[in-house]
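Input: a single structure, listed below in structure tokens.
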Amino acid sequence: MMFDQQVKAIGKSDDVFTFDCLFLQYVNEWCIPIENCAEAVRQIRDLIENEGFKVHLPIEVRFVAPDDAWLSPTYKRLSCYIGVIMYRPYGYDVPHRQYFKEYTKNQ
């Protein structure tokens, strides 16, 4: 499912990313050049559909401006962070390893 409304927040990360999802979760996040974003999202969508993965929240996408820190993933480039998430409701384990393994191959 793709969302049709843009959500925009600008600020320090500890002020902006304050959502408590209430559940433990497994997260796998990668930073890629912004020009690769659309193709990466399509690949994740196809991976979920083709492999039949039962995911709670298919993807999280956020965009980051370039910075000047040499070791930063966003050093001098517009970047896109794409994360895949598998919640662990009530502390139960969920089958996430194969999904994360396949996702990692595409990044």
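Starting from 1 in every chain, residues are counted up; chains themselves are A, B, ... following the order of the structure tokens, and ligands are numbered from 1 as listed.
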
Write down as a PyMOL selection string the residues belonging to chain A that are assigned helix (DSSP H, G or I) by DSSP computed on the backbone. chain A and resi 13-16+34-51+89-91+97-106

Using N, CA and C atoms, can you write the selected residues to a file as a CSV table (one decimal), in the first residue's frame?
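Once everything was written out, this is out_23.csv:
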chain,number,residue,atom,x,y,z
A,13,SER,N,16.6,15.2,15.2
A,13,SER,CA,16.1,13.9,15.2
A,13,SER,C,15.4,13.5,16.5
A,14,ASP,N,16.0,13.9,17.7
A,14,ASP,CA,15.4,13.5,18.9
A,14,ASP,C,14.1,14.3,19.3
A,15,ASP,N,13.8,15.3,18.5
A,15,ASP,CA,12.6,16.0,18.6
A,15,ASP,C,11.5,15.5,17.6
A,16,VAL,N,12.0,15.1,16.4
A,16,VAL,CA,11.1,14.7,15.4
A,16,VAL,C,10.7,13.2,15.5
A,34,ILE,N,19.5,9.3,-3.1
A,34,ILE,CA,18.1,9.6,-3.4
A,34,ILE,C,17.6,9.2,-4.8
A,35,GLU,N,18.5,9.2,-5.7
A,35,GLU,CA,18.1,8.8,-7.1
A,35,GLU,C,17.8,7.3,-7.2
A,36,ASN,N,18.2,6.5,-6.2
A,36,ASN,CA,17.9,5.1,-6.2
A,36,ASN,C,16.6,4.8,-5.5
A,37,CYS,N,16.0,5.8,-4.9
A,37,CYS,CA,14.8,5.5,-4.0
A,37,CYS,C,13.7,4.8,-4.7
A,38,ALA,N,13.2,5.3,-5.8
A,38,ALA,CA,12.0,4.7,-6.4
A,38,ALA,C,12.2,3.3,-6.8
A,39,GLU,N,13.4,3.0,-7.4
A,39,GLU,CA,13.7,1.6,-7.7
A,39,GLU,C,13.8,0.7,-6.5
A,40,ALA,N,14.3,1.2,-5.4
A,40,ALA,CA,14.5,0.4,-4.2
A,40,ALA,C,13.1,0.1,-3.6
A,41,VAL,N,12.2,1.1,-3.6
A,41,VAL,CA,10.8,0.9,-3.1
A,41,VAL,C,10.1,-0.2,-4.0
A,42,ARG,N,10.3,-0.1,-5.3
A,42,ARG,CA,9.6,-1.1,-6.2
A,42,ARG,C,10.2,-2.5,-5.9
A,43,GLN,N,11.5,-2.6,-5.7
A,43,GLN,CA,12.1,-3.9,-5.4
A,43,GLN,C,11.6,-4.5,-4.1
A,44,ILE,N,11.4,-3.6,-3.0
A,44,ILE,CA,10.8,-4.1,-1.8
A,44,ILE,C,9.4,-4.6,-2.0
A,45,ARG,N,8.6,-3.8,-2.7
A,45,ARG,CA,7.2,-4.1,-2.9
A,45,ARG,C,7.2,-5.5,-3.6
A,46,ASP,N,8.0,-5.7,-4.7
A,46,ASP,CA,8.0,-6.9,-5.4
A,46,ASP,C,8.5,-8.1,-4.5
A,47,LEU,N,9.5,-7.8,-3.7
A,47,LEU,CA,9.9,-8.9,-2.8
A,47,LEU,C,8.8,-9.3,-1.9
A,48,ILE,N,8.1,-8.4,-1.3
A,48,ILE,CA,7.0,-8.8,-0.4
A,48,ILE,C,5.9,-9.6,-1.1
A,49,GLU,N,5.6,-9.1,-2.3
A,49,GLU,CA,4.5,-9.8,-3.1
A,49,GLU,C,5.0,-11.1,-3.6
A,50,ASN,N,6.2,-11.2,-4.2
A,50,ASN,CA,6.7,-12.4,-4.8
A,50,ASN,C,7.0,-13.5,-3.8
A,51,GLU,N,7.5,-13.2,-2.6
A,51,GLU,CA,7.9,-14.1,-1.6
A,51,GLU,C,6.8,-14.4,-0.6
A,89,PRO,N,4.6,-8.2,18.5
A,89,PRO,CA,3.5,-7.9,19.4
A,89,PRO,C,3.6,-8.8,20.7
A,90,TYR,N,3.4,-8.2,21.8
A,90,TYR,CA,3.4,-8.9,23.1
A,90,TYR,C,4.7,-9.7,23.3
A,91,GLY,N,5.8,-9.3,22.7
A,91,GLY,CA,7.0,-10.0,22.9
A,91,GLY,C,7.2,-11.3,22.1
A,97,ARG,N,13.8,-13.2,9.7
A,97,ARG,CA,15.2,-13.4,9.2
A,97,ARG,C,15.3,-13.5,7.7
A,98,GLN,N,14.4,-14.3,7.0
A,98,GLN,CA,14.4,-14.4,5.6
A,98,GLN,C,14.1,-13.1,4.9
A,99,TYR,N,13.1,-12.4,5.4
A,99,TYR,CA,12.7,-11.1,4.8
A,99,TYR,C,13.9,-10.2,4.9
A,100,PHE,N,14.5,-10.1,6.0
A,100,PHE,CA,15.6,-9.1,6.2
A,100,PHE,C,16.8,-9.6,5.3
A,101,LYS,N,17.0,-10.9,5.2
A,101,LYS,CA,18.1,-11.4,4.3
A,101,LYS,C,17.9,-11.0,2.9
A,102,GLU,N,16.7,-11.2,2.4
A,102,GLU,CA,16.4,-10.9,1.0
A,102,GLU,C,16.4,-9.3,0.8
A,103,TYR,N,15.9,-8.6,1.7
A,103,TYR,CA,15.9,-7.1,1.6
A,103,TYR,C,17.4,-6.6,1.5
A,104,THR,N,18.2,-7.2,2.4
A,104,THR,CA,19.6,-6.8,2.4
A,104,THR,C,20.3,-7.0,1.1
A,105,LYS,N,20.0,-8.1,0.4
A,105,LYS,CA,20.6,-8.4,-1.0
A,105,LYS,C,20.3,-7.3,-2.0
A,106,ASN,N,19.2,-6.6,-1.8
A,106,ASN,CA,18.8,-5.5,-2.8
A,106,ASN,C,19.4,-4.2,-2.5

Non-local contacts of region 75-81 of chain A (8 Å; only C-alpha atoms; under 6 positions in same chain excluded) as a list in words: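 Final neighbour list, sorted by chain and number: Glu29, Trp30, Cys31, Ile32, Pro33, Ile34, Cys37, Glu60, Val61, Arg62, Phe63, Val64, Ala65, Pro66, Asp67, Asp68 and Ala69 of chain A.
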
Selected residues written out, all heavy atoms, as a short mmCIF file (atom, residue, chain, number, x, y, z; two decimals), in the first residue's frame:
data_model
loop_
_atom_site.label_atom_id
_atom_site.label_comp_id
_atom_site.auth_asym_id
_atom_site.auth_seq_id
_atom_site.Cartn_x
_atom_site.Cartn_y
_atom_site.Cartn_z
N GLU A 29 17.57 -0.96 8.41
CA GLU A 29 17.49 0.31 7.69
C GLU A 29 18.78 0.55 6.92
O GLU A 29 19.88 0.31 7.43
CB GLU A 29 17.25 1.45 8.67
CG GLU A 29 17.09 2.79 8.01
CD GLU A 29 16.75 3.88 8.99
OE1 GLU A 29 17.59 4.16 9.86
OE2 GLU A 29 15.66 4.45 8.89
N TRP A 30 18.62 1.05 5.69
CA TRP A 30 19.76 1.37 4.83
C TRP A 30 19.62 2.80 4.33
O TRP A 30 18.52 3.30 4.14
CB TRP A 30 19.78 0.43 3.63
CG TRP A 30 20.20 -0.96 3.98
CD1 TRP A 30 19.44 -1.90 4.63
CD2 TRP A 30 21.45 -1.56 3.73
NE1 TRP A 30 20.16 -3.05 4.79
CE2 TRP A 30 21.40 -2.87 4.24
CE3 TRP A 30 22.62 -1.12 3.13
CZ2 TRP A 30 22.47 -3.75 4.15
CZ3 TRP A 30 23.68 -2.01 3.03
CH2 TRP A 30 23.59 -3.30 3.55
N CYS A 31 20.77 3.41 4.07
CA CYS A 31 20.81 4.75 3.48
C CYS A 31 21.33 4.61 2.05
O CYS A 31 22.38 4.01 1.83
CB CYS A 31 21.74 5.64 4.30
SG CYS A 31 21.85 7.32 3.66
N ILE A 32 20.57 5.14 1.10
CA ILE A 32 20.96 5.05 -0.30
C ILE A 32 20.87 6.43 -0.94
O ILE A 32 20.19 7.31 -0.42
CB ILE A 32 20.06 4.05 -1.07
CG1 ILE A 32 18.59 4.49 -1.06
CG2 ILE A 32 20.21 2.64 -0.49
CD1 ILE A 32 17.67 3.65 -1.92
N PRO A 33 21.55 6.62 -2.08
CA PRO A 33 21.40 7.90 -2.79
C PRO A 33 19.94 8.11 -3.19
O PRO A 33 19.24 7.16 -3.57
CB PRO A 33 22.28 7.72 -4.03
CG PRO A 33 23.26 6.64 -3.66
CD PRO A 33 22.51 5.73 -2.73
N ILE A 34 19.49 9.33 -3.12
CA ILE A 34 18.08 9.64 -3.36
C ILE A 34 17.62 9.20 -4.76
O ILE A 34 16.48 8.80 -4.94
CB ILE A 34 17.79 11.13 -3.10
CG1 ILE A 34 16.30 11.36 -2.88
CG2 ILE A 34 18.35 11.99 -4.21
CD1 ILE A 34 15.97 12.71 -2.31
N CYS A 37 15.95 5.75 -4.88
CA CYS A 37 14.82 5.51 -3.98
C CYS A 37 13.65 4.79 -4.67
O CYS A 37 13.16 3.79 -4.17
CB CYS A 37 14.34 6.82 -3.37
SG CYS A 37 12.91 6.62 -2.30
N GLU A 60 9.46 2.00 5.69
CA GLU A 60 9.49 3.36 6.20
C GLU A 60 10.53 4.09 5.34
O GLU A 60 11.64 3.61 5.17
CB GLU A 60 9.93 3.35 7.65
CG GLU A 60 10.06 4.70 8.27
CD GLU A 60 10.51 4.59 9.71
OE1 GLU A 60 9.66 4.45 10.60
OE2 GLU A 60 11.74 4.61 9.94
N VAL A 61 10.15 5.22 4.79
CA VAL A 61 11.04 5.98 3.91
C VAL A 61 11.17 7.39 4.46
O VAL A 61 10.18 8.03 4.81
CB VAL A 61 10.47 6.04 2.47
CG1 VAL A 61 11.39 6.84 1.57
CG2 VAL A 61 10.26 4.64 1.92
N ARG A 62 12.42 7.86 4.55
CA ARG A 62 12.64 9.25 4.95
C ARG A 62 13.81 9.81 4.14
O ARG A 62 14.68 9.07 3.70
CB ARG A 62 12.87 9.39 6.44
CG ARG A 62 14.04 8.64 6.99
CD ARG A 62 14.03 8.67 8.53
NE ARG A 62 15.01 7.78 9.07
CZ ARG A 62 16.25 8.11 9.39
NH1 ARG A 62 16.66 9.36 9.22
NH2 ARG A 62 17.09 7.22 9.87
N PHE A 63 13.79 11.10 3.95
CA PHE A 63 14.79 11.76 3.12
C PHE A 63 15.63 12.69 3.98
O PHE A 63 15.12 13.34 4.90
CB PHE A 63 14.09 12.54 1.99
CG PHE A 63 13.28 11.63 1.12
CD1 PHE A 63 11.92 11.45 1.36
CD2 PHE A 63 13.87 10.93 0.09
CE1 PHE A 63 11.17 10.61 0.58
CE2 PHE A 63 13.12 10.07 -0.71
CZ PHE A 63 11.77 9.91 -0.46
N VAL A 64 16.91 12.76 3.67
CA VAL A 64 17.86 13.52 4.48
C VAL A 64 18.71 14.39 3.57
O VAL A 64 19.19 13.94 2.52
CB VAL A 64 18.75 12.56 5.31
CG1 VAL A 64 19.74 13.33 6.15
CG2 VAL A 64 17.90 11.65 6.17
N ALA A 65 18.91 15.62 3.99
CA ALA A 65 19.75 16.56 3.24
C ALA A 65 21.22 16.18 3.39
O ALA A 65 21.60 15.49 4.33
CB ALA A 65 19.51 17.98 3.75
N PRO A 66 22.05 16.65 2.48
CA PRO A 66 23.49 16.39 2.60
C PRO A 66 24.07 17.03 3.86
O PRO A 66 23.54 18.03 4.35
CB PRO A 66 24.08 17.06 1.36
CG PRO A 66 22.95 17.34 0.45
CD PRO A 66 21.72 17.44 1.30
N ASP A 67 25.13 16.45 4.36
CA ASP A 67 25.86 17.08 5.46
C ASP A 67 27.35 17.06 5.15
O ASP A 67 27.76 16.59 4.10
CB ASP A 67 25.52 16.45 6.81
CG ASP A 67 25.97 15.01 6.93
OD1 ASP A 67 26.95 14.61 6.28
OD2 ASP A 67 25.35 14.28 7.71
N ASP A 68 28.15 17.61 6.05
CA ASP A 68 29.59 17.72 5.80
C ASP A 68 30.43 16.84 6.73
O ASP A 68 31.64 17.01 6.81
CB ASP A 68 30.04 19.18 5.88
CG ASP A 68 29.77 19.80 7.24
OD1 ASP A 68 29.22 19.11 8.13
OD2 ASP A 68 30.11 20.97 7.42
N ALA A 69 29.80 15.89 7.38
CA ALA A 69 30.54 14.96 8.25
C ALA A 69 31.11 13.82 7.39
O ALA A 69 30.35 13.10 6.74
CB ALA A 69 29.63 14.41 9.33
#

Just asking: which residues within chain A are strand (DSSP E) according to DSSP, as a ChimeraX atom specification? /A:24-33,57-64,79-88

Keeping C-alpha atoms, export the residues of the selection given above as a PDB file, in the first residue's frame.
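Just written: result-v5.pdb:
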ATOM      1  CA  LEU A  24       9.270  -4.416  20.413  1.00  0.00           C
ATOM      2  CA  GLN A  25      10.401  -4.638  16.811  1.00  0.00           C
ATOM      3  CA  TYR A  26      13.093  -5.781  14.439  1.00  0.00           C
ATOM      4  CA  VAL A  27      14.341  -3.023  12.141  1.00  0.00           C
ATOM      5  CA  ASN A  28      16.712  -3.098   9.181  1.00  0.00           C
ATOM      6  CA  GLU A  29      17.493   0.309   7.690  1.00  0.00           C
ATOM      7  CA  TRP A  30      19.760   1.368   4.832  1.00  0.00           C
ATOM      8  CA  CYS A  31      20.810   4.746   3.483  1.00  0.00           C
ATOM      9  CA  ILE A  32      20.958   5.046  -0.305  1.00  0.00           C
ATOM     10  CA  PRO A  33      21.403   7.898  -2.793  1.00  0.00           C
ATOM     11  CA  LEU A  57       4.485  -2.293   8.072  1.00  0.00           C
ATOM     12  CA  PRO A  58       6.062  -2.829   4.678  1.00  0.00           C
ATOM     13  CA  ILE A  59       8.523   0.073   4.636  1.00  0.00           C
ATOM     14  CA  GLU A  60       9.492   3.363   6.198  1.00  0.00           C
ATOM     15  CA  VAL A  61      11.035   5.979   3.909  1.00  0.00           C
ATOM     16  CA  ARG A  62      12.642   9.251   4.949  1.00  0.00           C
ATOM     17  CA  PHE A  63      14.787  11.765   3.122  1.00  0.00           C
ATOM     18  CA  VAL A  64      17.855  13.516   4.483  1.00  0.00           C
ATOM     19  CA  SER A  79      19.908  10.543   0.639  1.00  0.00           C
ATOM     20  CA  CYS A  80      17.006   8.277   1.331  1.00  0.00           C
ATOM     21  CA  TYR A  81      16.745   5.994   4.351  1.00  0.00           C
ATOM     22  CA  ILE A  82      14.608   2.927   3.760  1.00  0.00           C
ATOM     23  CA  GLY A  83      13.725   0.744   6.692  1.00  0.00           C
ATOM     24  CA  VAL A  84      11.844  -2.513   6.925  1.00  0.00           C
ATOM     25  CA  ILE A  85      10.127  -3.320  10.195  1.00  0.00           C
ATOM     26  CA  MET A  86       8.694  -6.431  11.806  1.00  0.00           C
ATOM     27  CA  TYR A  87       6.835  -5.784  15.056  1.00  0.00           C
ATOM     28  CA  ARG A  88       6.984  -8.282  17.917  1.00  0.00           C
TER      29      ARG A  88
END

Do you have the CA of Tyr92 (chain A)-CA of Phe23 (chain A) distance handy?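 Taking CA of Tyr92 (chain A) and CA of Phe23 (chain A), their separation equals 9.8 Å.
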
Which distance in Å separates CA of Gly52 (chain A) and CA of Val94 (chain A), to one decimal?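 So the two atoms, CA of Gly52 (chain A) and CA of Val94 (chain A), lie 14.5 Å apart.
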
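Atom pair CA of His96 (chain A) / CA of Asp20 (chain A): separated by 20.7 Å.
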